[in-house]
Every structure is written in C-alpha cells, then in structure tokens.
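coords_35.txt follows; it contains compact mmCIF, C-alpha atoms.
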```
# COMPACT_ATOMS: atom_id res chain seq x y z
CA LYS H 1 163.30 30.06 130.08
CA ALA H 2 166.98 29.68 130.65
CA GLY H 3 169.01 32.84 130.33
CA VAL H 4 172.02 33.55 128.18
CA THR H 5 174.94 31.34 129.11
CA GLN H 6 178.61 31.91 128.43
CA THR H 7 181.52 29.53 128.75
CA PRO H 8 184.05 29.53 130.16
CA ARG H 9 183.51 32.10 132.89
CA TYR H 10 187.22 32.71 133.42
CA LEU H 11 190.25 32.27 131.19
CA ILE H 12 193.93 32.95 131.60
CA LYS H 13 196.06 33.01 128.47
CA THR H 14 199.50 34.24 127.48
CA ARG H 15 200.40 36.70 124.76
CA GLY H 16 200.35 35.23 121.29
CA GLN H 17 197.87 32.48 122.08
CA GLN H 18 194.38 32.31 120.71
CA VAL H 19 191.09 31.87 122.56
CA THR H 20 187.52 30.84 121.77
CA LEU H 21 184.55 31.99 123.82
CA SER H 22 181.09 30.49 123.58
CA CYS H 23 177.61 31.94 124.00
CA SER H 24 174.25 30.17 124.08
CA PRO H 25 171.33 32.56 123.59
CA ILE H 26 167.87 32.42 125.10
CA SER H 27 165.73 29.85 123.32
CA GLY H 28 164.03 31.45 120.32
CA HIS H 29 166.48 34.34 120.07
CA ARG H 30 168.23 34.51 116.72
CA SER H 31 170.46 37.55 117.23
CA VAL H 32 173.67 37.40 119.24
CA SER H 33 175.85 40.44 119.94
CA TRP H 34 179.28 40.54 121.53
CA TYR H 35 180.78 43.34 123.63
CA GLN H 36 184.14 44.00 125.23
CA GLN H 37 184.11 45.70 128.62
CA THR H 38 187.24 47.31 130.05
CA PRO H 39 187.73 49.95 132.78
CA GLY H 40 189.34 52.33 130.31
CA GLN H 41 187.17 51.97 127.21
CA GLY H 42 183.90 50.90 128.79
CA LEU H 43 181.51 48.75 126.79
CA GLN H 44 182.36 48.44 123.11
CA PHE H 45 180.45 46.57 120.44
CA LEU H 46 182.35 43.82 118.67
CA PHE H 47 179.87 42.28 116.23
CA GLU H 48 176.38 40.88 115.78
CA TYR H 49 175.21 37.65 114.19
CA PHE H 50 171.77 36.74 112.92
CA SER H 51 170.88 33.51 111.15
CA GLU H 52 174.56 32.54 110.90
CA THR H 53 175.46 35.85 109.18
CA GLN H 54 177.45 38.74 110.54
CA ARG H 55 175.24 41.78 110.04
CA ASN H 56 177.16 44.39 111.95
CA LYS H 57 180.72 44.89 113.11
CA GLY H 58 182.48 47.30 115.47
CA ASN H 59 185.91 48.86 115.16
CA PHE H 60 188.10 46.01 116.24
CA PRO H 61 191.08 44.48 114.43
CA GLY H 62 190.72 41.35 112.33
CA ARG H 63 192.13 39.28 115.18
CA PHE H 64 188.62 39.35 116.58
CA SER H 65 186.24 37.08 114.72
CA GLY H 66 183.07 35.19 115.36
CA ARG H 67 180.55 32.82 113.98
CA GLN H 68 177.05 31.59 114.62
CA PHE H 69 175.68 28.11 114.27
CA SER H 70 172.31 26.97 113.01
CA ASN H 71 171.01 26.64 116.60
CA SER H 72 171.93 30.34 117.16
CA ARG H 73 174.80 29.53 119.49
CA SER H 74 177.74 31.80 118.83
CA GLU H 75 181.48 31.73 119.33
CA MET H 76 184.02 34.49 119.22
CA ASN H 77 187.70 33.95 118.61
CA VAL H 78 190.63 36.17 119.39
CA SER H 79 193.91 35.23 117.75
CA THR H 80 197.42 36.38 118.66
CA LEU H 81 196.35 37.67 122.05
CA GLU H 82 197.73 40.97 123.33
CA LEU H 83 197.85 42.27 126.89
CA GLY H 84 195.22 44.85 125.96
CA ASP H 85 192.73 42.11 125.15
CA SER H 86 192.27 41.46 128.86
CA ALA H 87 188.63 42.28 129.45
CA LEU H 88 185.19 41.03 130.33
CA TYR H 89 183.53 39.74 127.16
CA LEU H 90 179.76 39.95 127.22
CA CYS H 91 177.34 38.22 124.95
CA ALA H 92 173.75 39.37 124.52
CA SER H 93 170.85 37.80 122.70
CA SER H 94 167.62 39.22 121.32
CA LEU H 95 164.79 38.10 119.11
CA ASP H 96 165.91 39.76 115.88
CA GLY H 97 168.54 42.35 116.80
CA ASP H 98 166.60 45.28 115.39
CA ALA H 99 166.17 47.56 118.39
CA ASP H 100 164.62 44.86 120.52
CA THR H 101 165.78 44.30 124.08
CA GLN H 102 169.09 42.54 124.54
CA TYR H 103 169.55 40.07 127.36
CA PHE H 104 173.07 39.64 128.61
CA GLY H 105 175.05 36.65 129.78
CA PRO H 106 177.31 36.70 132.84
CA GLY H 107 180.41 37.28 130.73
CA THR H 108 183.79 35.63 130.28
CA ARG H 109 186.68 37.23 132.13
CA LEU H 110 189.79 36.94 129.96
CA THR H 111 193.19 37.69 131.42
CA VAL H 112 196.19 37.84 129.09
CA LEU H 113 199.59 37.51 130.76
CA ALA I 1 179.18 59.41 115.31
CA GLN I 2 176.71 58.25 117.91
CA THR I 3 177.70 59.03 121.48
CA VAL I 4 176.24 58.68 124.95
CA THR I 5 177.41 60.79 127.87
CA GLN I 6 176.80 60.08 131.52
CA SER I 7 178.21 63.04 133.41
CA GLN I 8 178.01 61.55 136.91
CA PRO I 9 180.72 58.91 137.46
CA GLU I 10 179.46 58.18 140.97
CA MET I 11 176.37 58.92 143.02
CA SER I 12 175.08 57.91 146.40
CA VAL I 13 171.65 57.96 148.01
CA GLN I 14 170.06 56.95 151.29
CA GLU I 15 167.73 54.02 151.36
CA ALA I 16 164.09 55.00 150.60
CA GLU I 17 165.12 58.29 148.98
CA THR I 18 164.90 59.27 145.31
CA VAL I 19 167.84 59.67 142.96
CA THR I 20 168.13 60.77 139.34
CA LEU I 21 170.86 59.63 136.97
CA SER I 22 171.63 61.80 133.95
CA CYS I 23 172.24 60.79 130.36
CA THR I 24 172.60 62.73 127.14
CA TYR I 25 173.14 61.32 123.70
CA ASP I 26 173.97 62.51 120.24
CA THR I 27 172.62 61.08 117.02
CA SER I 28 171.36 62.42 113.73
CA GLU I 29 168.98 59.50 113.37
CA ASN I 30 165.30 59.79 114.17
CA ASN I 31 164.30 56.19 114.75
CA TYR I 32 166.02 54.79 117.81
CA TYR I 33 165.47 53.18 121.17
CA LEU I 34 166.93 54.12 124.54
CA PHE I 35 167.76 51.82 127.43
CA TRP I 36 168.96 51.85 130.98
CA TYR I 37 170.83 48.76 132.14
CA LYS I 38 172.21 48.00 135.59
CA GLN I 39 175.25 45.90 136.32
CA PRO I 40 175.45 44.82 139.99
CA PRO I 41 178.75 43.71 141.47
CA SER I 42 177.97 40.14 140.32
CA ARG I 43 178.46 41.50 136.77
CA GLN I 44 175.22 40.29 135.14
CA MET I 45 173.84 43.16 133.05
CA ILE I 46 170.10 43.57 133.58
CA LEU I 47 167.61 45.72 131.67
CA VAL I 48 166.00 48.38 133.86
CA ILE I 49 163.81 50.25 131.42
CA ARG I 50 163.40 50.94 127.72
CA GLN I 51 162.00 53.90 125.75
CA GLU I 52 161.02 54.12 122.11
CA ALA I 53 162.06 57.51 120.73
CA TYR I 54 158.82 57.93 118.76
CA LYS I 55 156.77 57.73 121.97
CA GLN I 56 156.31 61.00 123.83
CA GLN I 57 155.10 59.31 127.00
CA ASN I 58 157.86 58.58 129.48
CA ALA I 59 158.39 54.91 130.29
CA THR I 60 157.89 53.66 133.83
CA GLU I 61 158.68 50.33 135.43
CA ASN I 62 157.66 50.08 139.08
CA ARG I 63 160.08 52.33 141.02
CA PHE I 64 161.98 53.29 137.87
CA SER I 65 160.92 56.03 135.49
CA VAL I 66 162.58 58.11 132.81
CA ASN I 67 162.43 61.73 131.76
CA PHE I 68 162.85 61.63 127.99
CA GLN I 69 163.45 65.00 126.32
CA LYS I 70 163.93 64.23 122.64
CA ALA I 71 164.76 67.76 121.49
CA ALA I 72 167.38 68.10 124.19
CA LYS I 73 168.58 64.51 123.59
CA SER I 74 168.31 63.80 127.27
CA PHE I 75 167.25 60.55 128.92
CA SER I 76 167.48 60.58 132.71
CA LEU I 77 166.55 57.74 135.06
CA LYS I 78 164.70 58.35 138.32
CA ILE I 79 164.79 55.69 141.01
CA SER I 80 162.18 56.16 143.72
CA ASP I 81 162.23 54.53 147.17
CA SER I 82 165.84 53.40 146.65
CA GLN I 83 166.72 49.96 147.96
CA LEU I 84 170.05 48.40 148.90
CA GLY I 85 169.68 46.05 145.93
CA ASP I 86 169.76 49.05 143.59
CA THR I 87 173.48 49.41 144.27
CA ALA I 88 175.09 48.85 140.88
CA MET I 89 176.70 50.46 137.86
CA TYR I 90 174.01 51.98 135.64
CA PHE I 91 174.51 52.31 131.90
CA CYS I 92 172.53 54.42 129.49
CA ALA I 93 172.46 53.07 125.93
CA PHE I 94 170.73 53.49 122.61
CA MET I 95 170.24 51.54 119.42
CA ILE I 96 169.42 52.86 115.97
CA ARG I 97 166.51 51.07 114.32
CA SER I 98 166.99 49.20 111.02
CA THR I 99 170.53 50.32 110.27
CA SER I 100 172.65 49.27 113.22
CA TYR I 101 171.65 45.73 113.98
CA GLY I 102 172.48 44.42 117.40
CA LYS I 103 174.62 47.38 118.35
CA LEU I 104 174.02 49.12 121.63
CA THR I 105 176.06 52.29 122.16
CA PHE I 106 176.75 52.70 125.86
CA GLY I 107 177.70 55.57 128.09
CA GLN I 108 180.58 55.25 130.54
CA GLY I 109 178.27 54.36 133.40
CA THR I 110 177.32 55.78 136.80
CA ILE I 111 178.16 53.90 139.97
CA LEU I 112 175.21 54.19 142.32
CA THR I 113 175.61 53.30 145.99
CA VAL I 114 172.55 53.04 148.22
CA HIS I 115 173.35 53.53 151.90
CA PRO I 116 171.26 52.05 154.73
```
Take the structure I supplied and represent it as structure tokens, if you would.
Amino acid sequence: KAGVTQTPRYLIKTRGQQVTLSCSPISGHRSVSWYQQTPGQGLQFLFEYFSETQRNKGNFPGRFSGRQFSNSRSEMNVSTLELGDSALYLCASSLDGDADTQYFGPGTRLTVL
Amino acid sequence: AQTVTQSQPEMSVQEAETVTLSCTYDTSENNYYLFWYKQPPSRQMILVIRQEAYKQQNATENRFSVNFQKAAKSFSLKISDSQLGDTAMYFCAFMIRSTSYGKLTFGQGTILTVHP
C-alpha cells in the first residue's frame, strides 16, 4: 500500500498571502488529522476530518481551515499568513480516527517571509 | 487538560547498548491509548509501539518495549541493542478513546543519538 502523501513538500509565501496544503491518506483510511510542528511549540493538533466532516478541532485561529473530499483526500488552508505560521505541517491518516494508529506523511515545510 | 511530559530533551547511547526514554502523562480519562513515535532526520514520523491503557501487559515490538505504569501515569520506552538507525527524535503521545477523535497529544520529544 502506498503511504500518506503530502503536496507540496516545500512552500515559501509572504505575509498576508494564503496557502493550501494537500494530503492523500492511505487507501481505505477515512480519518485525516493535521498537525503543526514548530521548534517552540512542538506538535500541535489542528483538526481531524472523517467522512467529509470535521469531528475535532484544536486551538488555532479561524485562519486555519480544512476540508475533506469524498475520496478521503484532505486539504488545509491558511489565510492571511503570519510569520509565526512558518512550520512543518504534518498530515496523518487512520482507519476511523478513534484511537487507532495514525500514519504520517512526510510533511509540508511552509516558510512565511 | 491532557499533557505529556518528556523530561529528557537529549540522550545518547553506544551502539548495542540499552537506553530508556521517559514519559509521563496526565489525564482524568480512563480509556486511552499510548504511543511512541520516532522522527528521524528525514522527518517522516514512524510508529514505534502502541499500548492500550486497559491492558496490563507491557507492549513489545522486537527491540522496543515499554514499561507502562498506569497508576503512576508513566510510559517509558526501552530500546535494546541500539542501532545507528535508531538515531531520531522520539515522541510520546496519547489519544483519548471515543471523545477526542483523531487527536494525538504529544510530548516535547527526546533527541536520541546512537554512537558507533
């Protein structure tokens, strides 16, 4: 089985722009979670989608949003980028998201200038 | 609030030796799962081992084993016969069952370096 894929792998944006990141889960997995990883804050949960519905959300501002398509692929969007949004964004997929093992993608490195 | 604490920011070990990474957590929930993930320099997060909180028996996976002390809320990882490929950042994490879908709560991580 192919693993979790994320595109693009690297992005450079300027403040005020918006960005969309994509995640394709492992075939058969219906839950997709997103995390932000920074040296200062570590790994923080953004949100989780299952069957095109957001079931859980972390403590991030409304500038961070996401969606999931019928084929379980997911996108996350960050609007009005700030310097502090520079981070590695990780996507993880699992069968149903209820305490089952999450499998991570390689991440998207976002740099905001 | 659910928290995970890894008190060792960095550790090092000689190849073929044994090392133990510490992790404590805090939750008022009773139904949860615990995980250790490793993140090598290439950045791909990989599952090392998983433990269901309702199981008293400690999980093992080849050279990796855990010491799960539920009352003490402790979940340490023991790596036996350390190999150079074990060099990575190790994260302890947990997930609450049935109420916190898709959310892993991570510790700050421990950088493990295996020396030849």
- prompt: Which of these residues is nearest to H:Gly105, using only C-alpha atoms: I:Asn30, I:Gln57, I:Ser22, I:Gln44?
  reply: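 Ranking I:Asn30, I:Gln57, I:Ser22, I:Gln44 by distance to H:Gly105, first place goes to I:Gln44.
Computed from the coordinates, the atom CA of H:Val4 to atom CA of H:Gln44 distance equals 18.8 Å.
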message: Considering all atoms listed in the file, can you say which of H:Gly97, H:Pro8, H:Gly16, H:Pro61 comes closest to H:Val32?
response: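 Checking each of H:Gly97, H:Pro8, H:Gly16, H:Pro61 against H:Val32, counting all atoms listed in the file, the winner is H:Gly97.
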Residue nearest I:Tyr101 - candidates H:Asn77, H:Thr38, H:Thr7, H:Thr101, atoms counted: all atoms listed in the file: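 Looking only at the distances to I:Tyr101, the closest residue turns out to be H:Thr101.
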message: Select, as a PyMOL selection string, those residues of chain H with any atom no more than 7 Å from chain I (distances computed using all atoms listed in the file).
response: chain H and resi 33+42-43+45+48+55-56+97-99+104-106
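Here atom CA of H:Asp100 and atom CA of H:Arg63 stand 28.6 Å from one another.
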field: Contacts of stretch 72-88 of chain I at 8 Å (only C-alpha atoms; same-chain gap of 6+ positions) as a VMD selection string
entry: chain I and resid 13 to 26 34 36 38 to 41 63 to 66 111 to 116
Take every atom of stretch 66-83 of chain I listed in the file, fit an axis-aligned box around them, add 5 Å per side, and give the centre and edge lengths in Å to one decimal as lines of an AutoDock Vina configuration file.
```
center_x = 165.4
center_y = 59.0
center_z = 134.7
size_x = 16.4
size_y = 28.1
size_z = 36.5
```
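Atom CA of H:Phe69 lies 15.2 Å from atom CA of H:Thr5.
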Skip H:Trp34 itself and residues of its chain fewer than 5 positions away, then list as a CSV table (one decimal) with C-alpha atoms, keeping the file's coordinate frame all residues within 12 Å of it, counting only C-alpha atoms.
```
chain,number,residue,atom,x,y,z
H,6,GLN,CA,178.6,31.9,128.4
H,21,LEU,CA,184.6,32.0,123.8
H,22,SER,CA,181.1,30.5,123.6
H,23,CYS,CA,177.6,31.9,124.0
H,24,SER,CA,174.2,30.2,124.1
H,25,PRO,CA,171.3,32.6,123.6
H,43,LEU,CA,181.5,48.8,126.8
H,44,GLN,CA,182.4,48.4,123.1
H,45,PHE,CA,180.4,46.6,120.4
H,46,LEU,CA,182.4,43.8,118.7
H,47,PHE,CA,179.9,42.3,116.2
H,48,GLU,CA,176.4,40.9,115.8
H,49,TYR,CA,175.2,37.6,114.2
H,54,GLN,CA,177.4,38.7,110.5
H,56,ASN,CA,177.2,44.4,112.0
H,57,LYS,CA,180.7,44.9,113.1
H,58,GLY,CA,182.5,47.3,115.5
H,60,PHE,CA,188.1,46.0,116.2
H,64,PHE,CA,188.6,39.4,116.6
H,65,SER,CA,186.2,37.1,114.7
H,66,GLY,CA,183.1,35.2,115.4
H,67,ARG,CA,180.6,32.8,114.0
H,68,GLN,CA,177.0,31.6,114.6
H,74,SER,CA,177.7,31.8,118.8
H,75,GLU,CA,181.5,31.7,119.3
H,76,MET,CA,184.0,34.5,119.2
H,77,ASN,CA,187.7,34.0,118.6
H,88,LEU,CA,185.2,41.0,130.3
H,89,TYR,CA,183.5,39.7,127.2
H,90,LEU,CA,179.8,40.0,127.2
H,91,CYS,CA,177.3,38.2,125.0
H,92,ALA,CA,173.8,39.4,124.5
H,93,SER,CA,170.8,37.8,122.7
H,94,SER,CA,167.6,39.2,121.3
H,97,GLY,CA,168.5,42.4,116.8
H,102,GLN,CA,169.1,42.5,124.5
H,103,TYR,CA,169.6,40.1,127.4
H,104,PHE,CA,173.1,39.6,128.6
H,105,GLY,CA,175.0,36.6,129.8
H,107,GLY,CA,180.4,37.3,130.7
H,108,THR,CA,183.8,35.6,130.3
I,101,TYR,CA,171.6,45.7,114.0
I,102,GLY,CA,172.5,44.4,117.4
I,103,LYS,CA,174.6,47.4,118.4
I,104,LEU,CA,174.0,49.1,121.6
```
message: Using all atoms listed in the file - which residues lie no farther than 10 Å from the point (197.3, 35.7, 119.7) in the file's frame? Write them as number ranges by chain.
response: H: 13-19, 63-64, 77-83, 85, 112
Selection above as a file: C-alpha atoms, as a PDB file, keeping the file's coordinate frame:
```
ATOM      1  CA  LYS H  13     196.060  33.010 128.470  1.00  0.00           C
ATOM      2  CA  THR H  14     199.500  34.240 127.480  1.00  0.00           C
ATOM      3  CA  ARG H  15     200.400  36.700 124.760  1.00  0.00           C
ATOM      4  CA  GLY H  16     200.350  35.230 121.290  1.00  0.00           C
ATOM      5  CA  GLN H  17     197.870  32.480 122.080  1.00  0.00           C
ATOM      6  CA  GLN H  18     194.380  32.310 120.710  1.00  0.00           C
ATOM      7  CA  VAL H  19     191.090  31.870 122.560  1.00  0.00           C
ATOM      8  CA  ARG H  63     192.130  39.280 115.180  1.00  0.00           C
ATOM      9  CA  PHE H  64     188.620  39.350 116.580  1.00  0.00           C
ATOM     10  CA  ASN H  77     187.700  33.950 118.610  1.00  0.00           C
ATOM     11  CA  VAL H  78     190.630  36.170 119.390  1.00  0.00           C
ATOM     12  CA  SER H  79     193.910  35.230 117.750  1.00  0.00           C
ATOM     13  CA  THR H  80     197.420  36.380 118.660  1.00  0.00           C
ATOM     14  CA  LEU H  81     196.350  37.670 122.050  1.00  0.00           C
ATOM     15  CA  GLU H  82     197.730  40.970 123.330  1.00  0.00           C
ATOM     16  CA  LEU H  83     197.850  42.270 126.890  1.00  0.00           C
ATOM     17  CA  ASP H  85     192.730  42.110 125.150  1.00  0.00           C
ATOM     18  CA  VAL H 112     196.190  37.840 129.090  1.00  0.00           C
TER      19      VAL H 112
END
```
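The closest residue to H:Thr53, picked from H:Ile12, H:Leu110, H:Ser70, H:Gln37 and counting only C-alpha atoms, is H:Ser70.
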